[in-house]
Each structure stands twice: as C-alpha cells, then as structure tokens.
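What follows is the content of model_12.txt, which has compact mmCIF, C-alpha atoms:
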```
# COMPACT_ATOMS: atom_id res chain seq x y z
CA MET A 1 128.78 134.92 157.18
CA SER A 2 128.99 138.06 155.09
CA ALA A 3 126.09 140.24 153.96
CA GLY A 4 124.83 139.98 157.51
CA ILE A 5 122.66 136.89 157.22
CA ASN A 6 123.16 133.86 159.37
CA GLU A 7 123.11 130.62 157.36
CA LYS A 8 120.61 128.92 159.65
CA GLU A 9 118.34 131.94 159.67
CA LEU A 10 118.48 132.11 155.92
CA GLN A 11 117.58 128.45 155.60
CA ARG A 12 114.73 128.89 158.03
CA ARG A 13 113.34 131.86 156.10
CA VAL A 14 113.60 129.97 152.79
CA ALA A 15 111.74 127.09 154.44
CA GLU A 16 109.02 129.49 155.63
CA ILE A 17 108.61 130.86 152.12
CA ILE A 18 108.39 127.41 150.58
CA ILE A 19 105.86 126.26 153.18
CA ALA A 20 103.74 129.37 152.68
CA GLU A 21 103.85 129.38 148.88
CA LEU A 22 103.20 125.67 148.47
CA LYS A 23 100.76 125.58 151.39
CA LEU A 24 102.63 122.60 152.81
CA GLN A 25 101.11 120.99 155.85
CA ASP A 26 102.61 118.79 158.54
CA ILE A 27 105.97 120.50 158.25
CA THR A 28 107.44 123.60 159.89
CA ALA A 29 110.46 125.73 159.14
CA GLU A 30 112.15 124.11 162.11
CA THR A 31 111.47 120.55 160.99
CA PHE A 32 112.15 121.10 157.28
CA ASP A 33 115.27 119.10 156.42
CA PRO A 34 117.47 121.55 154.45
CA ASP A 35 118.82 118.68 152.36
CA LEU A 36 115.44 117.30 151.34
CA ASP A 37 115.21 117.15 147.55
CA LEU A 38 112.35 119.50 146.71
CA VAL A 39 111.64 117.83 143.38
CA ASP A 40 112.05 114.16 144.25
CA GLU A 41 110.91 114.20 147.86
CA ILE A 42 108.46 117.11 148.10
CA GLY A 43 107.20 116.81 144.52
CA ILE A 44 107.46 120.44 143.48
CA ASP A 45 107.33 121.20 139.78
CA SER A 46 108.68 123.98 137.59
CA MET A 47 105.71 126.30 138.20
CA ASP A 48 106.03 125.95 141.96
CA LEU A 49 109.74 126.61 141.73
CA ALA A 50 109.19 129.66 139.52
CA THR A 51 106.77 131.05 142.11
CA ILE A 52 109.24 130.48 144.95
CA VAL A 53 112.00 132.13 142.93
CA LEU A 54 109.88 135.24 142.37
CA VAL A 55 109.16 135.54 146.08
CA LEU A 56 112.82 135.01 146.98
CA GLN A 57 113.85 137.70 144.52
CA ASP A 58 111.47 140.09 146.23
CA GLU A 59 112.65 139.15 149.68
CA TYR A 60 116.39 139.45 149.05
CA GLY A 61 116.54 141.94 146.18
CA ILE A 62 118.53 139.59 144.01
CA LYS A 63 118.12 138.24 140.49
CA ILE A 64 117.92 134.49 140.08
CA ASP A 65 118.74 133.41 136.55
CA GLU A 66 116.32 131.09 134.80
CA ASP A 67 119.24 128.83 133.94
CA ASP A 68 120.00 128.39 137.63
CA TYR A 69 116.62 126.93 138.59
CA THR A 70 117.87 123.39 138.41
CA LYS A 71 120.49 124.16 141.06
CA LEU A 72 117.77 125.09 143.55
CA ARG A 73 116.65 121.64 144.58
CA ALA A 74 117.10 121.84 148.36
CA ILE A 75 116.81 124.53 151.00
CA ARG A 76 120.54 124.38 151.77
CA LEU A 77 121.36 124.88 148.08
CA ILE A 78 118.87 127.74 147.77
CA ALA A 79 120.27 129.47 150.86
CA ALA A 80 123.82 129.09 149.58
CA TYR A 81 122.77 130.48 146.21
CA ILE A 82 121.13 133.50 147.84
CA GLN A 83 124.17 134.07 150.00
CA GLU A 84 126.39 133.98 146.95
CA ARG A 85 124.20 136.50 145.16
CA LEU A 86 124.09 138.79 148.14
CA GLN A 87 127.86 138.67 148.45
CA ALA A 88 128.26 139.44 144.76
CA LYS A 89 125.95 142.40 145.20
CA ALA A 90 127.66 143.74 148.31
CA MET B 1 105.64 142.78 113.91
CA SER B 2 108.53 143.68 116.14
CA ALA B 3 111.00 141.26 117.67
CA ALA B 4 110.69 140.12 121.27
CA GLN B 5 111.45 142.76 123.85
CA PRO B 6 114.16 142.50 126.52
CA SER B 7 112.90 141.84 130.01
CA SER B 8 115.98 141.22 132.09
CA THR B 9 115.87 144.33 134.25
CA SER B 10 112.44 144.58 135.83
CA LYS B 11 111.79 147.47 138.15
CA TYR B 12 108.77 145.70 139.60
CA LYS B 13 108.75 143.29 142.46
CA PHE B 14 106.48 140.28 142.17
CA ALA B 15 104.51 141.67 145.11
CA ASP B 16 103.97 144.88 143.11
CA LEU B 17 102.43 142.88 140.30
CA LEU B 18 100.06 141.20 142.74
CA ALA B 19 99.04 144.44 144.45
CA ASP B 20 96.10 144.90 142.06
CA ALA B 21 93.16 143.00 143.56
CA ALA B 22 91.93 141.67 140.19
CA VAL B 23 95.41 140.43 139.32
CA ARG B 24 95.83 138.81 142.72
CA GLU B 25 92.47 137.10 142.41
CA ARG B 26 93.33 135.72 138.95
CA TRP B 27 96.78 134.62 140.10
CA GLU B 28 95.32 132.74 143.05
CA ARG B 29 92.76 131.17 140.74
CA VAL B 30 95.20 129.92 138.12
CA ARG B 31 97.90 128.78 140.50
CA LYS B 32 95.52 126.21 141.96
CA TYR B 33 96.10 124.33 138.71
CA PHE B 34 99.87 124.23 138.90
CA PHE B 35 99.45 120.61 140.00
CA LEU B 36 98.56 119.61 136.44
CA ARG B 37 101.17 117.28 134.93
CA GLU B 38 100.32 116.23 131.40
CA SER B 39 101.22 113.49 129.04
CA THR B 40 99.67 112.62 125.69
CA TYR B 41 98.48 109.37 124.21
CA ASP B 42 97.72 108.25 120.68
CA MET B 43 94.73 106.00 121.18
CA THR B 44 94.52 104.33 117.78
CA SER B 45 96.11 104.59 114.38
CA ARG B 46 92.67 104.52 112.77
CA CYS B 47 90.73 107.53 111.63
CA ASN B 48 87.41 107.96 109.90
CA ILE B 49 88.65 110.83 107.71
CA ARG B 50 91.91 111.89 106.01
CA CYS B 51 92.96 115.53 106.21
CA ASP B 52 95.68 117.28 104.27
CA GLY B 53 98.53 118.21 106.59
CA CYS B 54 97.46 115.88 109.39
CA TYR B 55 100.36 115.62 111.81
CA TYR B 56 99.29 112.13 112.94
CA TYR B 57 99.95 110.64 109.53
CA ALA B 58 103.41 112.14 109.39
CA GLY B 59 106.39 110.21 110.78
CA GLU B 60 106.63 106.75 112.27
CA LYS B 61 103.91 106.79 114.93
CA GLN B 62 101.18 105.96 112.40
CA PHE B 63 102.76 102.52 111.92
CA ALA B 64 102.49 101.48 115.59
CA THR B 65 100.46 98.33 116.22
CA ASP B 66 97.39 99.41 118.17
CA ASN B 67 96.89 98.04 121.63
CA ASP B 68 93.11 97.71 121.89
CA ASP B 69 93.05 96.05 125.30
CA PRO B 70 91.25 98.27 127.86
CA ASP B 71 93.06 96.49 130.69
CA ALA B 72 96.42 97.42 129.19
CA TRP B 73 95.33 101.06 128.99
CA ARG B 74 93.96 100.93 132.52
CA ASN B 75 97.29 99.62 133.74
CA LEU B 76 99.15 102.28 131.82
CA MET B 77 96.99 104.98 133.43
CA ARG B 78 97.69 103.55 136.86
CA GLU B 79 101.40 103.65 136.15
CA GLU B 80 101.10 107.17 134.84
CA LYS B 81 99.25 108.25 137.95
CA ALA B 82 101.94 106.66 140.09
CA ARG B 83 104.64 108.71 138.39
CA GLY B 84 102.66 111.90 138.97
CA ILE B 85 100.66 112.43 135.78
CA THR B 86 97.41 114.24 136.60
CA PHE B 87 96.18 115.27 133.15
CA VAL B 88 95.92 113.19 129.99
CA VAL B 89 95.51 114.34 126.41
CA LEU B 90 93.99 111.57 124.32
CA ALA B 91 94.62 112.11 120.66
CA GLY B 92 95.51 110.51 117.30
CA ALA B 93 94.41 109.31 115.14
CA GLU B 94 90.67 109.44 116.07
CA PRO B 95 89.98 108.63 119.74
CA ALA B 96 86.21 108.49 119.25
CA LEU B 97 86.73 105.19 117.42
CA VAL B 98 87.92 103.49 120.63
CA PRO B 99 85.27 104.38 123.25
CA GLY B 100 86.24 101.48 125.53
CA LEU B 101 89.78 102.81 125.83
CA LEU B 102 88.51 106.30 126.62
CA GLN B 103 86.38 104.86 129.42
CA ALA B 104 89.37 102.94 130.78
CA CYS B 105 91.51 106.09 130.87
CA TYR B 106 88.78 108.22 132.39
CA ALA B 107 88.21 105.71 135.17
CA GLU B 108 91.84 106.10 136.28
CA ILE B 109 92.74 109.74 135.52
CA PRO B 110 89.62 111.91 135.39
CA LEU B 111 91.25 115.14 134.25
CA GLY B 112 92.04 115.42 130.59
CA CYS B 113 91.04 116.22 127.08
CA ILE B 114 90.21 114.37 123.88
CA ALA B 115 91.19 115.73 120.48
CA THR B 116 88.58 114.61 117.97
CA ASN B 117 87.32 115.46 114.52
CA GLY B 118 83.81 115.43 116.04
CA MET B 119 82.22 113.17 113.44
CA LYS B 120 81.39 110.49 115.99
CA ARG B 121 79.99 111.64 119.31
CA ILE B 122 81.83 110.62 122.46
CA ASP B 123 79.54 109.33 125.17
CA ASP B 124 78.64 111.65 128.06
CA THR B 125 80.08 109.21 130.57
CA VAL B 126 83.56 110.28 129.47
CA GLY B 127 83.87 113.60 131.29
CA TYR B 128 87.00 114.93 129.63
CA LYS B 129 87.04 118.18 127.72
CA ILE B 130 86.49 117.49 124.04
CA HIS B 131 88.31 119.49 121.41
CA VAL B 132 86.52 119.37 118.09
CA SER B 133 88.73 120.38 115.21
CA ALA B 134 87.36 122.84 112.66
CA TRP B 135 89.46 123.77 109.65
CA GLY B 136 87.18 126.13 107.80
CA ASN B 137 83.70 126.19 106.32
CA ASP B 138 82.03 123.13 104.86
CA ALA B 139 83.40 123.79 101.36
CA THR B 140 86.93 123.89 102.72
CA SER B 141 86.35 120.81 104.87
CA LEU B 142 85.16 118.96 101.78
CA ARG B 143 88.35 119.95 99.97
CA VAL B 144 90.89 119.51 102.80
CA ARG B 145 89.20 116.83 104.91
CA ARG B 146 87.03 115.19 102.26
CA GLN B 147 83.89 115.38 104.37
CA LYS B 148 80.50 116.78 103.42
CA ASP B 149 78.62 119.05 105.86
CA MET B 150 81.33 118.56 108.42
CA LEU B 151 80.65 121.58 110.62
CA GLU B 152 76.95 120.83 110.66
CA LYS B 153 77.60 117.26 111.81
CA GLN B 154 80.09 118.42 114.43
CA ILE B 155 77.60 120.94 115.79
CA ASP B 156 74.83 118.33 115.82
CA ASN B 157 77.07 116.07 117.88
CA TYR B 158 78.22 118.65 120.41
CA ARG B 159 75.62 121.45 120.56
CA GLY B 160 75.03 122.39 124.20
CA ASP B 161 77.71 120.00 125.43
CA SER B 162 79.75 121.75 128.13
CA ARG B 163 82.67 119.40 127.45
CA ALA B 164 83.14 120.64 123.92
CA VAL B 165 85.38 123.40 122.64
CA PHE B 166 85.64 123.85 118.88
CA VAL B 167 89.22 124.49 117.83
CA TYR B 168 89.39 126.55 114.66
CA THR B 169 92.72 125.96 112.98
CA PHE B 170 93.85 128.89 110.89
CA THR B 171 95.64 127.83 107.75
CA ARG B 172 96.99 130.06 105.05
CA ASP B 173 93.81 129.52 103.07
CA ASN B 174 90.90 129.75 105.49
CA ILE B 175 91.40 133.03 107.35
CA ASP B 176 88.38 134.69 105.79
CA GLU B 177 86.17 131.75 106.76
CA ALA B 178 86.87 132.15 110.46
CA GLU B 179 84.22 134.81 111.02
CA PRO B 180 81.26 132.94 109.48
CA VAL B 181 82.33 129.69 111.13
CA THR B 182 82.70 131.39 114.51
CA LYS B 183 79.31 133.02 114.03
CA GLN B 184 77.71 129.69 113.18
CA LEU B 185 79.29 128.09 116.24
CA SER B 186 78.36 131.03 118.42
CA ASP B 187 74.76 130.98 117.17
CA ASN B 188 74.62 127.34 118.23
CA GLY B 189 76.00 128.07 121.69
CA CYS B 190 79.33 126.39 121.00
CA LYS B 191 82.60 127.57 122.54
CA VAL B 192 85.48 128.30 120.18
CA THR B 193 89.23 128.70 120.53
CA PHE B 194 91.93 129.15 117.92
CA ASN B 195 94.80 127.09 116.66
CA MET B 196 97.44 127.74 114.03
CA PHE B 197 98.32 125.27 111.33
CA SER B 198 101.86 124.18 112.15
CA ALA B 199 103.48 122.26 109.35
CA PRO B 200 104.54 118.67 109.87
CA GLU B 201 108.19 117.97 109.08
CA GLY B 202 108.70 117.72 105.34
CA TYR B 203 105.33 119.30 104.56
CA ASP B 204 105.31 121.16 101.26
CA GLY B 205 101.60 121.84 100.86
CA SER B 206 99.74 125.11 100.66
CA LEU B 207 98.55 125.45 104.26
CA ARG B 208 101.80 126.71 105.80
CA HIS B 209 101.59 130.33 107.00
CA THR B 210 103.55 133.25 105.65
CA GLU B 211 104.38 136.50 107.48
CA ALA B 212 101.44 138.13 105.74
CA THR B 213 98.96 135.43 106.73
CA LEU B 214 100.26 135.43 110.30
CA ALA B 215 99.56 139.16 110.54
CA LYS B 216 96.14 138.77 108.94
CA THR B 217 95.28 135.88 111.25
CA ARG B 218 96.20 137.95 114.28
CA ALA B 219 93.90 140.76 113.18
CA VAL B 220 91.03 138.33 112.61
CA MET B 221 91.57 136.60 115.96
CA LEU B 222 91.44 139.93 117.77
CA GLU B 223 88.34 140.96 115.87
CA LEU B 224 86.54 137.70 116.68
CA LEU B 225 87.52 138.00 120.31
CA GLU B 226 85.86 141.41 120.39
CA ARG B 227 82.82 140.33 118.43
CA TYR B 228 82.05 137.06 120.24
CA PRO B 229 83.42 137.55 123.76
CA GLY B 230 81.05 135.07 125.37
CA GLN B 231 81.87 132.23 122.99
CA VAL B 232 85.49 132.76 122.00
CA LEU B 233 87.97 131.44 124.55
CA PHE B 234 91.08 133.45 123.75
CA SER B 235 93.06 136.52 124.76
CA PRO B 236 94.97 139.25 122.94
CA TYR B 237 98.23 137.78 124.19
CA SER B 238 97.22 134.34 122.92
CA ALA B 239 96.86 135.93 119.50
CA VAL B 240 100.26 137.57 119.78
CA ALA B 241 102.04 134.43 120.95
CA HIS B 242 100.58 132.24 118.23
CA THR B 243 100.89 134.59 115.26
CA HIS B 244 104.35 135.96 115.90
CA ARG B 245 106.76 135.67 113.00
CA LEU B 246 108.89 133.53 115.32
CA GLY B 247 107.53 130.13 116.30
CA LEU B 248 106.87 129.11 119.88
CA HIS B 249 110.22 127.39 120.33
CA GLU B 250 112.23 130.35 119.19
CA LEU B 251 110.11 132.77 121.20
CA TYR B 252 109.89 130.90 124.47
CA SER B 253 112.26 127.91 124.31
CA CYS B 254 110.12 124.80 124.21
CA PRO B 255 110.28 122.72 127.41
CA TYR B 256 109.01 119.47 125.86
CA PRO B 257 111.53 116.61 125.87
CA ARG B 258 111.92 116.70 122.10
CA LYS B 259 113.59 120.10 122.41
CA ASN B 260 114.71 119.99 126.01
CA PRO B 261 117.39 117.52 127.10
CA SER B 262 117.04 118.34 130.82
CA THR B 263 115.26 115.82 133.02
CA ASP B 264 115.66 117.89 136.19
CA ILE B 265 112.19 119.33 136.53
CA GLY B 266 109.03 120.19 134.59
CA LEU B 267 107.96 118.78 131.26
CA GLY B 268 111.48 117.60 130.43
CA ARG B 269 111.20 115.31 133.40
CA SER B 270 107.58 114.13 133.35
CA PHE B 271 106.14 114.47 129.86
CA ARG B 272 105.73 111.45 127.62
CA GLN B 273 103.99 111.00 124.31
CA TYR B 274 102.70 107.47 123.98
CA ARG B 275 101.98 105.80 120.68
CA SER B 276 99.00 103.55 120.19
CA ASP B 277 101.15 100.52 121.04
CA LEU B 278 101.85 102.08 124.49
CA THR B 279 105.52 102.76 123.74
CA TRP B 280 107.11 106.17 123.93
CA ASP B 281 110.30 107.75 122.69
CA ARG B 282 111.85 110.66 124.54
CA ALA B 283 113.43 112.02 121.37
CA ALA B 284 110.00 112.35 119.74
CA SER B 285 108.06 113.48 122.80
CA CYS B 286 106.05 116.62 122.51
CA CYS B 287 102.34 117.29 122.21
CA VAL B 288 102.43 117.44 118.41
CA PRO B 289 105.19 115.04 117.36
CA ASP B 290 106.48 115.31 113.82
CA THR B 291 105.61 118.98 113.66
CA ASP B 292 108.37 121.13 112.23
CA CYS B 293 109.51 122.86 115.45
CA ALA B 294 110.47 126.03 113.60
CA ASP B 295 106.87 126.36 112.40
CA CYS B 296 105.19 125.26 115.63
CA ARG B 297 102.49 127.65 116.77
CA HIS B 298 100.15 124.90 117.86
CA TYR B 299 97.61 125.76 120.55
CA ALA B 300 98.39 122.65 122.57
CA ALA B 301 102.10 123.35 122.52
CA GLY B 302 101.59 126.96 123.51
CA SER B 303 99.43 126.00 126.46
CA ALA B 304 102.49 124.44 128.06
CA VAL B 305 105.27 126.46 126.44
CA VAL B 306 103.92 129.91 127.28
CA THR B 307 102.48 128.93 130.65
CA SER B 308 105.79 127.48 131.80
CA LYS B 309 107.48 130.86 131.28
CA LEU B 310 105.91 132.55 134.31
CA TYR B 311 109.27 133.95 135.31
CA ARG B 312 109.81 135.78 132.05
CA HIS B 313 106.39 137.37 132.24
CA ALA B 314 106.58 138.58 135.85
CA THR B 315 108.33 141.74 134.76
CA ASP B 316 105.73 144.50 134.58
CA PRO B 317 101.97 144.77 135.14
CA ASP B 318 100.88 144.49 131.51
CA THR B 319 103.13 141.55 130.67
CA PHE B 320 102.06 139.70 133.78
CA LYS B 321 98.38 140.37 133.08
CA ALA B 322 98.88 139.15 129.52
CA TRP B 323 100.43 135.94 130.86
CA LEU B 324 97.53 135.49 133.30
CA ASP B 325 95.08 135.92 130.43
CA TYR B 326 96.95 133.30 128.47
CA VAL B 327 96.88 130.82 131.35
CA ASP B 328 93.23 131.62 132.07
CA THR B 329 92.46 130.89 128.41
CA TYR B 330 94.40 127.64 128.42
CA LEU B 331 92.68 126.41 131.59
CA SER B 332 89.22 127.25 130.27
CA VAL B 333 89.95 125.37 127.07
CA TRP B 334 91.54 122.32 128.67
CA VAL B 335 90.19 121.80 132.16
CA THR B 336 86.66 120.65 132.96
CA GLY B 337 84.86 123.10 135.22
CA TYR B 338 87.25 126.02 134.75
CA ALA B 339 85.37 129.09 133.48
CA LYS B 340 87.18 131.80 131.53
CA GLY B 341 87.45 135.15 133.25
CA GLU B 342 87.45 138.52 131.56
CA ASN B 343 90.79 139.32 129.97
CA LEU B 344 92.86 141.63 132.17
CA CYS B 345 95.09 143.01 129.44
CA ARG B 346 93.35 144.21 126.32
CA GLY B 347 96.39 145.78 124.65
CA ILE B 348 99.10 144.13 122.60
CA VAL B 349 102.04 142.94 124.67
CA GLU B 350 105.08 141.57 122.87
CA PRO B 351 106.58 138.30 124.17
CA PRO B 352 109.44 138.94 126.60
CA GLN B 353 112.89 137.81 125.61
CA GLY B 354 114.50 134.95 127.50
```
Represent the structure contained in this file as structure tokens.
Amino acid sequence: MSAGINEKELQRRVAEIIIAELKLQDITAETFDPDLDLVDEIGIDSMDLATIVLVLQDEYGIKIDEDDYTKLRAIRLIAAYIQERLQAKA
Amino acid sequence: MSAAQPSSTSKYKFADLLADAAVRERWERVRKYFFLRESTYDMTSRCNIRCDGCYYYAGEKQFATDNDDPDAWRNLMREEKARGITFVVLAGAEPALVPGLLQACYAEIPLGCIATNGMKRIDDTVGYKIHVSAWGNDATSLRVRRQKDMLEKQIDNYRGDSRAVFVYTFTRDNIDEAEPVTKQLSDNGCKVTFNMFSAPEGYDGSLRHTEATLAKTRAVMLELLERYPGQVLFSPYSAVAHTHRLGLHELYSCPYPRKNPSTDIGLGRSFRQYRSDLTWDRAASCCVPDTDCADCRHYAAGSAVVTSKLYRHATDPDTFKAWLDYVDTYLSVWVTGYAKGENLCRGIVEPPQG
C-alpha cells in the first residue's frame, strides 16, 4: 500500500472516527463490518456524513468533494477513497 | 450585494473552527438535532381565509380529495415513523380546521410544527410548534387576506403560548410595516421570525420582490434583530441568505426531491410532501410546492437548504459561526423546547460558493 497506510489500519481508524462522531454503542472498530452500508444499515444521514467527512479531512489532510459523498457509504469504500486521495497527493 | 464567494481552499481545519469554546458548545448543541428527518403534510384543502399569492391554492394539490379519517392519518404517521421520519410539518390549507387529524399525528410523531393563519386557536394538547403567519399590519391583512383585525385576533389566540412563533412574511409592499408589527408582537410577548414572499409558479401579482426590495428588507431585518433581540428569532446570516439577489436554489443547490434527483442520502431520499388525500409525488416534493424555485427564499425551505450545507460553511471561523447561527435560529423556530442562543457572528457573511 502506498502513502504508508495499511488498508486494515485505515479501515480501523475510519471505523473509530465514525463510532466517535456518531456516538455509536455496541460496536467497536474491530467488530465494525467494513462493508456495512452506513446509510441503509446504520441509518446515517447527510448531516452525519458531512460531519464525518470534515473530521476525515482533518485527519488525512485531504479534500473530499461534496459530489463524492454518495460514494462514501461503507468503511471499505471510504478507506479506498482516502487512499486514492493520498496517492494523488503524494 | 456581491455574488457568492469562493470557498474551495480553506486554510482552516474543522478542529480549528471548533477550538473556540463558544463555537464548540453551540456545535455540540445543534448537532444533537441532526436526527431530525422531516416530511410535510397538507392536512385539508379547506381554509377559512383567502390570501393573495397563497402557494397552497396554486397548482394541483388544492384539488385533492381530503382524507378526514383520523385512523388513516394515524396509520400514515406510523408508516412515516417506520421509514425514519422524526419531524412533521403540518400545513395547507388551514390545519386548525382539522383538530382531530392534528391530534392523530401528534400521538404518533410528537416533534413537528403546524403552519396556521392563527384565526382559530389550536388546542394546547397538540404540542407542536405553531407558526402563525403575519403578512403586514391590519390594513394590509384586510387588503391581501380579506380579514379584519387579523393581527389582533392572532395575538389574542396565541399570546403567552410558548408553542407559537409569528412568521412575518416580507412582501414587496409591506416592508415598512414590519417594525410596528414586530413591536406590537414584542409588546405582547410574542416571538417573531421572518419569511420572504416567494412567488408561486405563474404568479404575476405585485408581491414579488425586486433587487431593491430585497436590499431594503435585509436592512429592516437586521434593524429589527438589533431592536428586539429577545423576541426576534433570527440571525444576520439568516437575513443574508434570504434576501440575496440569488434565490436559495441557486445559492445553495436545493436538496429537496423536486430539485434533487438523487435518492442516495438526505432529503432526496427521505422527504415527501403529502397532499390531503395522503398521496405524494416525488416530482412535486418540497416544503413549498408550486413555488417558483428561482424566486424561492422561503423560511421553511432555507431551514433545510442552508442547514444541509454544513460542509460549505466549515471553511473559516466567521462563515462557520454564521452557519451555526442559522441552524440555531431554525431549531428555535421549529423545535419545541429549543431556546435560541446569542448569535455568534454579528457581521455580514456572504454565502459560500458550492
């Protein structure tokens, strides 16, 4: 993996951020299924997603386009998106 | 007025914006309400008055056959709750005429708001916020709404009622009346917020705003906010957003289904606007159907349109504070039990560009 971030680690950190920002209970970064649909299965809405995006931008120093929000529906997809942005930046 | 400013290259991190304790406190306060998912419902096609420029009596929805069965409404609310709706806006034509239906809705979804002309009091057992529409002084109401002593009757019905917020709609013709009306409401302990007349499609009457009346309205809104801070629920940024020469859709890109084909997330996914026969049409769904979108500066629309653009406003301290003030205003106007805080940004912030 380029840009020095392990895929699993990245997914775990994204999960931690989502859990912290949404104050999710009964789930940990380790047990968070990376393919769980955040909208359909967790029930997050656009405001939640916007908050998560802002925190992810801070954490990774990347810009996430507003038009790309709809791509960010699962932890695996978010991690892949971040990775792509980091690679483009490198 | 200048055009929207670019915002694509922020030098601030989100954490920087939250470093200020007052900002952090307000952010934590408003984000507790991110769970709100709204839809709107026309309760009846009947009204006890007829107003020039009424959006309800524009378009097809006025011809729906009313469903007056409280059980049908109760079932609808249960279904709405099941699909995640947590906040209902009960509107058109005049909800106060169907008290049994209001009770049925309130029993199932207790967060919401009723838009009423205020001529018939809604019973205290319905705990929704109540928006009482004011369109000017009593002389203007007689001319535009064909009602005598309208403001007096509205005040009599809702004086001291914590549910009530009077919504003063600025038209092209009533800007100068806003101060005496606000004073009268303030003297009677009534809360006030502001709306902008937004022309229904095909409207060719005299109420539609011009650039000059938009600018004048903004100045009056800001003045009233200063003069009656305890009674006026508004913010400088609310004034900017709703009196800009560009309408809300052009400024912020409206997320309601009528203008937003995406069903992925947010209002495009969850929002519905039900007619009084309990049907809905995605193509017509927004909070003020049959409004000319290019002229839409409606307070209800803005409450969702501006709020949903958190991302665009998290660019610099003033813009973020202005957005927080806007959301704080919207929550205090719409949500029972939410008290307006002091505005954090007192200057004029232009809407960020998408």
Excluding Ser270 in chain B and any residue of its chain fewer than 3 positions from it, enumerate the residues within 9 Å of it, using all atoms listed in the file, and give them as a PyMOL selection string.
chain B and resi 37-39+83-85+257+263+265-267
Prev. selection, C-alpha atoms, output as a PDB file, keeping the file's coordinate frame:
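As a result, selection.pdb now contains:
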```pdb
ATOM      1  CA  ARG B  37     101.170 117.280 134.930  1.00  0.00           C
ATOM      2  CA  GLU B  38     100.320 116.230 131.400  1.00  0.00           C
ATOM      3  CA  SER B  39     101.220 113.490 129.040  1.00  0.00           C
ATOM      4  CA  ARG B  83     104.640 108.710 138.390  1.00  0.00           C
ATOM      5  CA  GLY B  84     102.660 111.900 138.970  1.00  0.00           C
ATOM      6  CA  ILE B  85     100.660 112.430 135.780  1.00  0.00           C
ATOM      7  CA  PRO B 257     111.530 116.610 125.870  1.00  0.00           C
ATOM      8  CA  THR B 263     115.260 115.820 133.020  1.00  0.00           C
ATOM      9  CA  ILE B 265     112.190 119.330 136.530  1.00  0.00           C
ATOM     10  CA  GLY B 266     109.030 120.190 134.590  1.00  0.00           C
ATOM     11  CA  LEU B 267     107.960 118.780 131.260  1.00  0.00           C
TER      12      LEU B 267
END
```
Could you give me, as a Markdown table, a per-residue list for chain B showing, wherever an atom lies at most 8 Å from an atom of chain A, the closest pair of atoms and their distance in Å to one decimal, using all atoms listed in the file and sorting by chain then residue number from low to high?
```
| residue | atom | partner | partner_atom | distance |
| --- | --- | --- | --- | --- |
| B:Lys13 | CA | A:Asp58 | CA | 5.6 |
| B:Phe14 | CA | A:Leu54 | CA | 6.1 |
| B:Ala15 | CA | A:Asp58 | CA | 7.2 |
| B:Phe34 | CA | A:Met47 | CA | 6.2 |
| B:Phe35 | CA | A:Asp45 | CA | 7.9 |
| B:Asp264 | CA | A:Thr70 | CA | 6.3 |
| B:Ile265 | CA | A:Ser46 | CA | 5.9 |
| B:Gly266 | CA | A:Ser46 | CA | 4.8 |
| B:Ser308 | CA | A:Met47 | CA | 6.5 |
| B:Leu310 | CA | A:Ala50 | CA | 6.8 |
| B:Tyr311 | CA | A:Ala50 | CA | 6.0 |
```
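For the point (114.6, 117.5, 148.0) in file coordinates, the residues within 7 Å, using all atoms listed in the file, are Asp35, Leu36, Asp37, Leu38, Val39, Asp40, Glu41, Ile42, Arg73 and Ala74 of chain A.
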My list of candidates is B:Ala239, B:Met77, B:Val288, B:Leu185. Which is closest to Leu102 in chain B when distances are computed with all atoms listed in the file?
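Of B:Ala239, B:Met77, B:Val288, B:Leu185, the one nearest Leu102 in chain B is B:Met77, counting all atoms listed in the file.
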Nearest candidate to Ile175 in chain B (options B:Leu225, B:Val98, B:Ile348, B:Leu207; using all atoms listed in the file):
B:Leu207
Excluding same-chain residues fewer than 5 positions from Ile27 in chain A, what lies within 12 Å of it counting only C-alpha atoms, as a ChimeraX atom specification?
/A:15-16,18-20,22,32-33,42
Pick out the residues sitting within 12 Å of Glu25 in chain B, and hand them over as a list in words; count all atoms listed in the file, and ignore anything fewer than 5 positions along from it in its own chain.
Leu17, Leu18, Ala19, Asp20, Val30, Arg31, Lys32, Lys321, Leu324, Asp328, Gly341 and Leu344 of chain B
One number please: CA of Ala58 in chain B to CA of Thr40 in chain B, in Å, one decimal.
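Pair CA of Ala58 in chain B / CA of Thr40 in chain B returns 16.7 Å.
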Nearest to Trp73 in chain B, chosen from B:Arg275, B:Arg258, B:Lys11, B:Arg227, with only C-alpha atoms counted in the distances:
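Among B:Arg275, B:Arg258, B:Lys11, B:Arg227, it is B:Arg275 that comes nearest to Trp73 in chain B.
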So that I can check the surroundings of Glu60 in chain B, please list as a list in words every protein, DNA and RNA residue that reaches within 10 Å of it, counting only C-alpha atoms and ignoring chain neighbours fewer than 5 positions away.
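Those residues are Arg275, Ala284, Pro289 and Asp290 of chain B.
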Once you count all atoms listed in the file, which residues end up no further than 6 Å from (81.4, 119.3, 101.7) in the file's frame, shown as a PyMOL selection string?
chain B and resi 138-139+142+147-149
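Pairwise distance (CA of Leu90 in chain B, CA of Ile155 in chain B) equals 20.7 Å.
For the pair CA of Ala93 in chain B and CA of Phe63 in chain B, the interatomic distance is 11.2 Å.
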Residues at most 9 Å from Met43 in chain B, counting only C-alpha atoms, excluding those fewer than 5 positions away in the same chain, as a PyMOL selection string?
chain B and resi 66-68+90-95+97-98+101-102+274-278
Nearest to Arg346 in chain B among B:Pro110, B:Gly53, B:Pro236, B:Gly160, with distances taken over all atoms listed in the file: which residue is it?
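Of the candidates, the smallest distance to Arg346 in chain B is held by B:Pro236.
Remark: for Ile75 in chain A, the closest of the candidate residues A:Pro34, A:Ile17, A:Asn6, A:Asp26 is A:Pro34 (distances computed over all atoms listed in the file).
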Since fewer atoms than expected are present, regenerate N, CA and C atoms for range 54-63 of chain B and write them as a compact mmCIF listing (two decimals), in the frame of the given file.
```
# COMPACT_ATOMS: atom_id res chain seq x y z
N CYS B 54 97.68 116.47 108.08
CA CYS B 54 97.46 115.88 109.39
C CYS B 54 98.79 115.45 109.99
N TYR B 55 99.07 115.94 111.21
CA TYR B 55 100.36 115.62 111.81
C TYR B 55 100.43 114.15 112.24
N TYR B 56 99.25 113.53 112.49
CA TYR B 56 99.29 112.13 112.94
C TYR B 56 99.87 111.23 111.86
N TYR B 57 99.49 111.50 110.63
CA TYR B 57 99.95 110.64 109.53
C TYR B 57 101.25 111.15 108.92
N ALA B 58 102.04 111.81 109.75
CA ALA B 58 103.41 112.14 109.39
C ALA B 58 104.31 111.36 110.34
N GLY B 59 105.46 110.90 109.89
CA GLY B 59 106.39 110.21 110.78
C GLY B 59 106.01 108.77 111.05
N GLU B 60 106.69 108.19 112.03
CA GLU B 60 106.63 106.75 112.27
C GLU B 60 105.44 106.30 113.13
N LYS B 61 104.91 107.21 113.93
CA LYS B 61 103.91 106.79 114.93
C LYS B 61 102.68 106.14 114.31
N GLN B 62 102.37 106.52 113.07
CA GLN B 62 101.18 105.96 112.40
C GLN B 62 101.31 104.46 112.16
N PHE B 63 102.55 103.94 112.22
CA PHE B 63 102.76 102.52 111.92
C PHE B 63 102.78 101.65 113.19
```
